[in-house]
Amino acid sequence: MSETAIYDIPDGATEDVRDLLQAVREGRGEAVPELVGALTDAQRRTCLPVLTSWRTATRNNWADGHLAIRAALLLAGAGCSTGVAAAAQWIASSDLRWAGSDSSLLLKAMGDRDSTWLGQVAHRLAGHRTVAEEQYTLIARLVRAAGCEPPTTDGFVLGWEASIPVHGMTVQDRLRDDPFLSVMAPRLFEVAEAGSDFQYSDEDDPGWPAALAGLAAEGRLSREMLIDGCLSRLMRGGRLGLVKGFLALLTALDLTEDERAAHTTTWVGMLPDAHSLAAARAQEVLAGLDEVGRLKSEHLVEASRAALCRPEVKIVRAQLTMLDKAMRRERSRTDELLPVVVEAFSHEEHSLQERALALVVRHRKHAGGAVLAELTVSAGQLSPGLRARAAEAFGEAIAGEEDDAEAAEVDVLPPVPHPERLEQAPSTPAELAEETGALLRTDGTPAQWERVLNGLVVHAHADLAGLRAALEPVAAQRTLSWQADYLKQGLAVVVVSIMGTPLGNLSVTPEPPGRRCPHSAFRSVPLTRAAEIGARLGDVPLPFLLATPTWSTGAIEASELVARLAAYERSGVEPGQSDLDQALLRLHREVPAEARAAAAELTSPAGRRLAAWLASGGLPDPAVSRGVEPLRPRTPRPGVLVRTEALPGHENHPEPFRSLLGAHDPIGSPCECGGSGECSPHAVALLPQHREVIAARMLVTFGTLAEYDDVGEGASVLPALAESGGPAGPATHLLLAYGLGARRLEEQLFAVDAMFVLATRGQLDAAWLGRDIAELTGLRRLKLQRVVAALREAVRTGAYATVWAVLSAALPPLLNGGAPHGLPALLTIAADCAERSGARGAIPEINELAARSGSSQMVKQARRIKSATERPEPGP
């Protein structure tokens, strides 16, 4: 369509109106304000419908000059809107705003309006956060033109903050002359993302903190307001950059001793939950106040209880030092302060327990009898080795020590998860359409996808016209176009096929022969099934799908598949080849004798194939072997990968199943695709009883994601693998090792859950996993401190024996490999687990380390492990 046809000036337009519209469609924005000013309100109202229709047409106009037309439309629409709401809505429109327009021209286009009207438009625009940030300059000019109070919305405050830094002027000079300063400054402490630039400064400009402090010294801002606001903001926490910025402001304000003392309760309130940097600053201030005698014991007790429960070692250590100094200065405070120290007795960091015990022992001679009795009872929270020291110090047995041997034999693991039976397809077309639309917009589990796919087939067979009517709103969605997500692409193919409309860019084509590989099969299998379903809708519709899983893991019970094929035979329907192939690959390993007998009675070719499949024992497990990949351009550091031999009979399957079941050698013959196998539960559901086949094909991708700290949602595959069937071999354990070394805690927790599932089922080879962790660490594919964080989460559940089994295998090669960063922390966890799990058996590398002189953490923890593993067996 031509540009003239799109921007058609209506017949009968007056000359003034025509001049304006002509300027707009030619993109002459600079002429618009004057042309608008020449119009009456009536003429402006006649322009609006035309401008509105042009605005709609502009959304599809990407020809040269379209940006100028959009900018002119923005100016004209704002000037022709006689109502406040209409003008604000027009200016706020994202389809025009992003084209850019000089705010002075916008103001000029509305310049003949009265001050009240301009002020109301300004406040309406400020109510849209994004608009207020992007159009701050315009809104500020409107406010000044109207002479009204500036808005204080979050967006306007952020826009104001962003407008202050100007090249060639310091922030303080800009703020000093800013008319909104007194109104905006207090809001900097209330808006969530305000203060983002406070952390930055340079030689020419000391930045925001120095500027605000300087203006307070000049009397332009209230110093009390800045202090209160800054402390309040630090109490709320936030991301690191913001906390650094407000701490910089606190430093610039340089609080006096009286000001610090006046906010004692605020400093104390920071210690439980504030960001670690803010808590450390509060701790420093409180320590200073205590040294000059201006901190009440009750405040020190409250602060200590909070600080000693924090996970940060530095904060706990500093608080113990503060308590030590306080009791040294005033022995009379010992009975009040010493009981607080026991908060650190249960800290997960052994060195802090040790330091707390040493502090108690040092000051116990100044404590009263009641306090000593309380300390003796509390010592039962210490780790077993430290409880023995406490017993020596207090001269009596520590409660709980006698129970160690019995408790050590118990490993707390979560219950075995049981797969859930797949729900039936939605009973009505309307319900099915709703679930289909939801899956096309969002993600879903394999069970949800299979349930909806089967529901579409079932309802299309029973009432195609009714299903089409229900799917009409879904078919109208933009989601029914080409999708990067192959699952949504396949589902869209089925929906379009049901509606009887052309596939267009949704047509599913098989992978070219040169690109077929075990990795592309992850995508090709679902797409091939979708294409088959769509093709059958116009021929002999399927009554239901054979490959719909019985269980949430993707597995199908043999008896159910036999019953489904029997129903097919009774109705004379020939199964879809891909549907049958997928169903056979999902069969559960355990096949009841009755299912074999019932299968033998089937007479169709598909039925005889199933009977032979069950009689032969089903899909066998392939031979697997692991090895270190050679260095290649895409692998800066080698990883450990797993080869799988071709499964017997794979050549009898059509593509893409043949590729899925074929040989896979990522070490000697890597795929041209680069090993980009998808890491998701959907891939596991293709072969839910042969997890090693799928895990081996994921290793290159998963290892690369872990290498670059981007495991992300791929970590969710680990629990799915653990809950699926088949041997848990080298590929599964390597994926688990990578997952334990993921960057983010939520990703690590997927690996911890998977480890627990395998351990509970008796399928975890803990020694294998430990050696994998050590090898990948030695190859620099894992950062040991991240593994420490993951295993610490596992230990918190009480899984001491499981974690010890992993670490007792990992420690020897790690100690022989040069003590990587994070090893002291790993030894600490190992010592805790050895003491609490009843570990037995000497580890030569540990004993050698324990025999070294010195008192480093590594040596200390090695001695703990040696002592624990050399304990005599408990008596009968």
# chains A, B, ... in the order shown; residues from 1 in each chain; ligands from 1
$ select_by_dssp --residues "range 289-358 of chain A" --states "helix (DSSP H, G or I)" --output "PyMOL selection string"
chain A and resi 289-291+297-307+313-329+331-346+350-358
$ write_last_selection --atoms "C-alpha atoms" --output "PDB file, in the first residue's frame"
ATOM      1  CA  LEU A 289      29.634   3.447  70.782  1.00  0.00           C
ATOM      2  CA  ASP A 290      30.354   0.598  73.195  1.00  0.00           C
ATOM      3  CA  GLU A 291      34.013   1.578  73.446  1.00  0.00           C
ATOM      4  CA  SER A 297      24.108  -3.801  77.521  1.00  0.00           C
ATOM      5  CA  GLU A 298      20.567  -4.571  76.434  1.00  0.00           C
ATOM      6  CA  HIS A 299      21.330  -3.138  72.991  1.00  0.00           C
ATOM      7  CA  LEU A 300      24.599  -5.051  72.775  1.00  0.00           C
ATOM      8  CA  VAL A 301      22.779  -8.267  73.706  1.00  0.00           C
ATOM      9  CA  GLU A 302      20.100  -7.693  71.082  1.00  0.00           C
ATOM     10  CA  ALA A 303      22.662  -6.840  68.417  1.00  0.00           C
ATOM     11  CA  SER A 304      24.767  -9.878  69.295  1.00  0.00           C
ATOM     12  CA  ARG A 305      21.871 -12.320  69.106  1.00  0.00           C
ATOM     13  CA  ALA A 306      21.138 -11.056  65.593  1.00  0.00           C
ATOM     14  CA  ALA A 307      24.747 -10.886  64.364  1.00  0.00           C
ATOM     15  CA  VAL A 313      31.816 -15.428  58.896  1.00  0.00           C
ATOM     16  CA  LYS A 314      33.285 -11.918  59.142  1.00  0.00           C
ATOM     17  CA  ILE A 315      30.216 -10.510  60.867  1.00  0.00           C
ATOM     18  CA  VAL A 316      30.031 -13.330  63.415  1.00  0.00           C
ATOM     19  CA  ARG A 317      33.766 -13.128  64.086  1.00  0.00           C
ATOM     20  CA  ALA A 318      33.574  -9.363  64.569  1.00  0.00           C
ATOM     21  CA  GLN A 319      30.648  -9.697  66.984  1.00  0.00           C
ATOM     22  CA  LEU A 320      32.498 -12.251  69.078  1.00  0.00           C
ATOM     23  CA  THR A 321      35.449  -9.847  69.212  1.00  0.00           C
ATOM     24  CA  MET A 322      33.099  -7.047  70.302  1.00  0.00           C
ATOM     25  CA  LEU A 323      31.709  -9.181  73.115  1.00  0.00           C
ATOM     26  CA  ASP A 324      35.209 -10.198  74.183  1.00  0.00           C
ATOM     27  CA  LYS A 325      36.342  -6.562  74.402  1.00  0.00           C
ATOM     28  CA  ALA A 326      33.166  -5.530  76.241  1.00  0.00           C
ATOM     29  CA  MET A 327      33.675  -8.190  78.933  1.00  0.00           C
ATOM     30  CA  ARG A 328      37.377  -7.362  79.229  1.00  0.00           C
ATOM     31  CA  ARG A 329      36.544  -3.694  79.796  1.00  0.00           C
ATOM     32  CA  ARG A 331      33.905  -7.733  84.105  1.00  0.00           C
ATOM     33  CA  SER A 332      30.570  -6.865  85.693  1.00  0.00           C
ATOM     34  CA  ARG A 333      28.855  -7.365  82.306  1.00  0.00           C
ATOM     35  CA  THR A 334      30.001 -10.992  82.005  1.00  0.00           C
ATOM     36  CA  ASP A 335      26.842 -12.619  83.375  1.00  0.00           C
ATOM     37  CA  GLU A 336      24.752 -10.544  80.995  1.00  0.00           C
ATOM     38  CA  LEU A 337      26.879 -10.927  77.859  1.00  0.00           C
ATOM     39  CA  LEU A 338      28.472 -14.372  78.105  1.00  0.00           C
ATOM     40  CA  PRO A 339      25.213 -16.347  77.603  1.00  0.00           C
ATOM     41  CA  VAL A 340      24.748 -14.577  74.266  1.00  0.00           C
ATOM     42  CA  VAL A 341      27.929 -16.169  72.912  1.00  0.00           C
ATOM     43  CA  VAL A 342      26.214 -19.572  72.773  1.00  0.00           C
ATOM     44  CA  GLU A 343      24.244 -18.332  69.740  1.00  0.00           C
ATOM     45  CA  ALA A 344      27.390 -19.161  67.751  1.00  0.00           C
ATOM     46  CA  PHE A 345      27.580 -22.715  69.150  1.00  0.00           C
ATOM     47  CA  SER A 346      25.204 -23.962  66.454  1.00  0.00           C
ATOM     48  CA  HIS A 350      33.159 -24.902  62.670  1.00  0.00           C
ATOM     49  CA  SER A 351      35.829 -22.226  63.180  1.00  0.00           C
ATOM     50  CA  LEU A 352      33.190 -19.894  64.626  1.00  0.00           C
ATOM     51  CA  GLN A 353      31.964 -22.557  67.029  1.00  0.00           C
ATOM     52  CA  GLU A 354      35.581 -23.020  68.075  1.00  0.00           C
ATOM     53  CA  ARG A 355      36.099 -19.274  68.557  1.00  0.00           C
ATOM     54  CA  ALA A 356      32.869 -18.974  70.575  1.00  0.00           C
ATOM     55  CA  LEU A 357      33.881 -21.865  72.831  1.00  0.00           C
ATOM     56  CA  ALA A 358      37.304 -20.301  73.378  1.00  0.00           C
TER      57      ALA A 358
END
$ residues_around --residues "Asp19 in chain A" --least-positions-apart "3" --cutoff "10 Å" --atoms "only C-alpha atoms" --output "list in words"
Ala13, Thr14, Glu15, Asp16, Gln22, Ala23, Val24, Ala31, Val32, Leu35 and Val36 of chain A
$ write_last_selection --atoms "all heavy atoms" --output "PDB file, in the first residue's frame"
ATOM      1  N   ALA A  13     -11.676  19.194   4.052  1.00  0.00           N
ATOM      2  CA  ALA A  13     -10.875  19.768   5.133  1.00  0.00           C
ATOM      3  C   ALA A  13     -10.573  21.221   4.841  1.00  0.00           C
ATOM      4  O   ALA A  13     -10.292  21.608   3.700  1.00  0.00           O
ATOM      5  CB  ALA A  13      -9.577  18.972   5.295  1.00  0.00           C
ATOM      6  N   THR A  14     -10.642  22.075   5.861  1.00  0.00           N
ATOM      7  CA  THR A  14     -10.324  23.487   5.676  1.00  0.00           C
ATOM      8  C   THR A  14      -8.841  23.641   5.357  1.00  0.00           C
ATOM      9  O   THR A  14      -8.040  22.734   5.556  1.00  0.00           O
ATOM     10  CB  THR A  14     -10.660  24.283   6.939  1.00  0.00           C
ATOM     11  OG1 THR A  14      -9.804  23.839   7.996  1.00  0.00           O
ATOM     12  CG2 THR A  14     -12.113  24.100   7.343  1.00  0.00           C
ATOM     13  N   GLU A  15      -8.493  24.818   4.884  1.00  0.00           N
ATOM     14  CA  GLU A  15      -7.098  25.041   4.469  1.00  0.00           C
ATOM     15  C   GLU A  15      -6.141  24.890   5.647  1.00  0.00           C
ATOM     16  O   GLU A  15      -5.077  24.287   5.519  1.00  0.00           O
ATOM     17  CB  GLU A  15      -6.973  26.436   3.858  1.00  0.00           C
ATOM     18  CG  GLU A  15      -5.566  26.724   3.322  1.00  0.00           C
ATOM     19  CD  GLU A  15      -5.470  28.075   2.651  1.00  0.00           C
ATOM     20  OE1 GLU A  15      -6.515  28.728   2.470  1.00  0.00           O
ATOM     21  OE2 GLU A  15      -4.334  28.478   2.325  1.00  0.00           O
ATOM     22  N   ASP A  16      -6.545  25.435   6.823  1.00  0.00           N
ATOM     23  CA  ASP A  16      -5.676  25.342   7.991  1.00  0.00           C
ATOM     24  C   ASP A  16      -5.492  23.881   8.418  1.00  0.00           C
ATOM     25  O   ASP A  16      -4.386  23.443   8.772  1.00  0.00           O
ATOM     26  CB  ASP A  16      -6.254  26.148   9.162  1.00  0.00           C
ATOM     27  CG  ASP A  16      -6.142  27.651   8.915  1.00  0.00           C
ATOM     28  OD1 ASP A  16      -5.370  28.029   8.015  1.00  0.00           O
ATOM     29  OD2 ASP A  16      -6.831  28.415   9.617  1.00  0.00           O
ATOM     30  N   GLN A  22      -0.974  17.936   6.103  1.00  0.00           N
ATOM     31  CA  GLN A  22       0.079  17.812   5.093  1.00  0.00           C
ATOM     32  C   GLN A  22       1.461  17.799   5.765  1.00  0.00           C
ATOM     33  O   GLN A  22       2.341  17.012   5.399  1.00  0.00           O
ATOM     34  CB  GLN A  22      -0.014  18.957   4.088  1.00  0.00           C
ATOM     35  CG  GLN A  22       0.980  18.865   2.925  1.00  0.00           C
ATOM     36  CD  GLN A  22       0.671  17.717   1.976  1.00  0.00           C
ATOM     37  OE1 GLN A  22      -0.475  17.315   1.845  1.00  0.00           O
ATOM     38  NE2 GLN A  22       1.714  17.176   1.353  1.00  0.00           N
ATOM     39  N   ALA A  23       1.649  18.652   6.764  1.00  0.00           N
ATOM     40  CA  ALA A  23       2.930  18.700   7.470  1.00  0.00           C
ATOM     41  C   ALA A  23       3.196  17.393   8.207  1.00  0.00           C
ATOM     42  O   ALA A  23       4.326  16.904   8.258  1.00  0.00           O
ATOM     43  CB  ALA A  23       2.933  19.876   8.452  1.00  0.00           C
ATOM     44  N   VAL A  24       2.123  16.807   8.763  1.00  0.00           N
ATOM     45  CA  VAL A  24       2.282  15.551   9.494  1.00  0.00           C
ATOM     46  C   VAL A  24       2.696  14.428   8.568  1.00  0.00           C
ATOM     47  O   VAL A  24       3.646  13.688   8.823  1.00  0.00           O
ATOM     48  CB  VAL A  24       0.987  15.189  10.248  1.00  0.00           C
ATOM     49  CG1 VAL A  24       1.075  13.765  10.809  1.00  0.00           C
ATOM     50  CG2 VAL A  24       0.713  16.184  11.360  1.00  0.00           C
ATOM     51  N   ALA A  31       7.170  22.211  12.005  1.00  0.00           N
ATOM     52  CA  ALA A  31       6.118  23.135  11.568  1.00  0.00           C
ATOM     53  C   ALA A  31       4.810  22.913  12.310  1.00  0.00           C
ATOM     54  O   ALA A  31       3.909  23.764  12.256  1.00  0.00           O
ATOM     55  CB  ALA A  31       5.885  22.985  10.061  1.00  0.00           C
ATOM     56  N   VAL A  32       4.669  21.770  12.987  1.00  0.00           N
ATOM     57  CA  VAL A  32       3.388  21.383  13.576  1.00  0.00           C
ATOM     58  C   VAL A  32       2.916  22.344  14.670  1.00  0.00           C
ATOM     59  O   VAL A  32       1.742  22.757  14.667  1.00  0.00           O
ATOM     60  CB  VAL A  32       3.455  19.936  14.099  1.00  0.00           C
ATOM     61  CG1 VAL A  32       2.241  19.610  14.985  1.00  0.00           C
ATOM     62  CG2 VAL A  32       3.527  18.963  12.937  1.00  0.00           C
ATOM     63  N   LEU A  35       1.268  25.421  13.238  1.00  0.00           N
ATOM     64  CA  LEU A  35       0.051  25.096  12.495  1.00  0.00           C
ATOM     65  C   LEU A  35      -1.082  24.709  13.436  1.00  0.00           C
ATOM     66  O   LEU A  35      -2.250  25.038  13.186  1.00  0.00           O
ATOM     67  CB  LEU A  35       0.340  23.960  11.505  1.00  0.00           C
ATOM     68  CG  LEU A  35       1.308  24.320  10.359  1.00  0.00           C
ATOM     69  CD1 LEU A  35       1.682  23.080   9.568  1.00  0.00           C
ATOM     70  CD2 LEU A  35       0.670  25.367   9.439  1.00  0.00           C
ATOM     71  N   VAL A  36      -0.770  24.002  14.517  1.00  0.00           N
ATOM     72  CA  VAL A  36      -1.794  23.660  15.521  1.00  0.00           C
ATOM     73  C   VAL A  36      -2.302  24.922  16.185  1.00  0.00           C
ATOM     74  O   VAL A  36      -3.508  25.093  16.417  1.00  0.00           O
ATOM     75  CB  VAL A  36      -1.226  22.677  16.572  1.00  0.00           C
ATOM     76  CG1 VAL A  36      -2.184  22.557  17.760  1.00  0.00           C
ATOM     77  CG2 VAL A  36      -0.995  21.310  15.967  1.00  0.00           C
TER      78      VAL A  36
END
$ residues_around --residues "Ala583 in chain A" --least-positions-apart "4" --cutoff "9 Å" --atoms "only C-alpha atoms" --output "number ranges by chain"
A: 545-549, 555-556, 561, 578-579, 587
$ atom_distance --atom1 "CA of Pro656 in chain A" --atom2 "CA of Leu439 in chain A"
24.4 Å
$ closest_residue --among "A:Thr797, A:Ser669, A:Thr265, A:Thr153" --to "Glu629 in chain A" --atoms "only C-alpha atoms"
A:Ser669
$ residues_around --residues "Val803 in chain A" --least-positions-apart "3" --cutoff "9 Å" --atoms "only C-alpha atoms" --output "PDB file with C-alpha atoms, in the first residue's frame"
ATOM      1  CA  ALA A 766      28.580 -41.614  46.017  1.00  0.00           C
ATOM      2  CA  LEU A 791      26.721 -29.702  49.832  1.00  0.00           C
ATOM      3  CA  ALA A 794      22.478 -31.046  51.697  1.00  0.00           C
ATOM      4  CA  VAL A 795      24.055 -31.237  55.142  1.00  0.00           C
ATOM      5  CA  ALA A 799      22.240 -36.182  55.128  1.00  0.00           C
ATOM      6  CA  TYR A 800      25.626 -36.520  56.821  1.00  0.00           C
ATOM      7  CA  VAL A 806      30.765 -38.276  48.387  1.00  0.00           C
ATOM      8  CA  LEU A 807      33.513 -36.258  50.065  1.00  0.00           C
ATOM      9  CA  SER A 808      35.565 -39.199  51.292  1.00  0.00           C
ATOM     10  CA  ILE A 829      31.921 -29.961  55.779  1.00  0.00           C
ATOM     11  CA  ALA A 830      33.678 -33.315  55.543  1.00  0.00           C
ATOM     12  CA  CYS A 833      29.854 -35.186  58.355  1.00  0.00           C
TER      13      CYS A 833
END
$ residues_around --residues "Ser716 in chain A" --least-positions-apart "3" --cutoff "7 Å" --atoms "only C-alpha atoms" --output "list in words"
Ser680, Glu713, Pro719 and Phe750 of chain A
$ atom_distance --atom1 "CA of Leu584 in chain A" --atom2 "CA of Glu645 in chain A"
19.7 Å
$ residues_around --residues "Leu769 in chain A" --least-positions-apart "6" --cutoff "10 Å" --atoms "only C-alpha atoms" --output "count of residues only"
14
$ select_by_dssp --residues "range 527-743 of chain A" --states "strand (DSSP E)" --output "list in words"
Val624, Ser625, Arg626, Gly627, Val628, Val640, Leu641, Val642, Arg643 and Thr644 of chain A
$ atom_distance --atom1 "CA of Lys488 in chain A" --atom2 "CA of Trp449 in chain A"
9.3 Å
$ residues_around --residues "Cys679 in chain A" --least-positions-apart "3" --cutoff "7 Å" --atoms "only C-alpha atoms" --output "short mmCIF file (atom, residue, chain, number, x, y, z; two decimals) with N, CA, C and O atoms, in the first residue's frame"
data_model
loop_
_atom_site.label_atom_id
_atom_site.label_comp_id
_atom_site.auth_asym_id
_atom_site.auth_seq_id
_atom_site.Cartn_x
_atom_site.Cartn_y
_atom_site.Cartn_z
N ALA A 683 13.09 -33.74 27.16
CA ALA A 683 14.01 -34.67 26.51
C ALA A 683 14.06 -35.99 27.26
O ALA A 683 14.10 -37.06 26.65
N MET A 698 23.20 -34.92 26.63
CA MET A 698 23.09 -33.57 27.20
C MET A 698 24.41 -33.04 27.73
O MET A 698 24.55 -31.85 27.99
N PHE A 702 25.23 -29.20 28.78
CA PHE A 702 25.13 -28.91 30.21
C PHE A 702 26.48 -28.45 30.75
O PHE A 702 26.56 -27.49 31.53
N GLY A 714 17.92 -25.20 32.67
CA GLY A 714 18.41 -26.53 32.34
C GLY A 714 18.65 -27.39 33.57
O GLY A 714 18.63 -28.63 33.48
N VAL A 717 16.38 -30.42 34.72
CA VAL A 717 16.45 -31.76 34.15
C VAL A 717 16.98 -32.76 35.18
O VAL A 717 16.72 -33.96 35.07
#
$ closest_residue --among "A:Arg871, A:Arg468, A:Arg743, A:His123" --to "Val788 in chain A" --atoms "only C-alpha atoms"
A:Arg743
$ closest_atom_pairs --of "range 209-234 of chain A" --to "range 166-180 of chain A" --cutoff "8 Å" --atoms "only C-alpha atoms" --output "Markdown table"
| residue | atom | partner | partner_atom | distance |
| --- | --- | --- | --- | --- |
| A:Ala210 | CA | A:Gln172 | CA | 7.7 |
| A:Ala211 | CA | A:Gln172 | CA | 4.3 |
| A:Leu212 | CA | A:Gln172 | CA | 7.1 |
| A:Gly214 | CA | A:Gln172 | CA | 7.3 |
| A:Leu215 | CA | A:Gln172 | CA | 7.2 |
| A:Arg220 | CA | A:Arg176 | CA | 7.7 |
$ write_last_selection --atoms "N, CA and C atoms" --output "compact mmCIF listing (two decimals), in the first residue's frame"
# COMPACT_ATOMS: atom_id res chain seq x y z
N ALA A 210 28.69 13.26 48.16
CA ALA A 210 29.34 14.51 48.56
C ALA A 210 28.44 15.71 48.28
N ALA A 211 27.67 15.64 47.18
CA ALA A 211 26.78 16.76 46.83
C ALA A 211 25.69 16.94 47.87
N LEU A 212 25.04 15.84 48.25
CA LEU A 212 23.95 15.94 49.23
C LEU A 212 24.48 16.39 50.59
N GLY A 214 27.16 18.15 51.07
CA GLY A 214 27.54 19.54 50.94
C GLY A 214 26.35 20.49 51.00
N LEU A 215 25.26 20.11 50.36
CA LEU A 215 24.06 20.96 50.38
C LEU A 215 23.45 21.01 51.79
N ARG A 220 20.84 23.98 52.50
CA ARG A 220 19.86 23.80 51.44
C ARG A 220 19.02 22.55 51.66
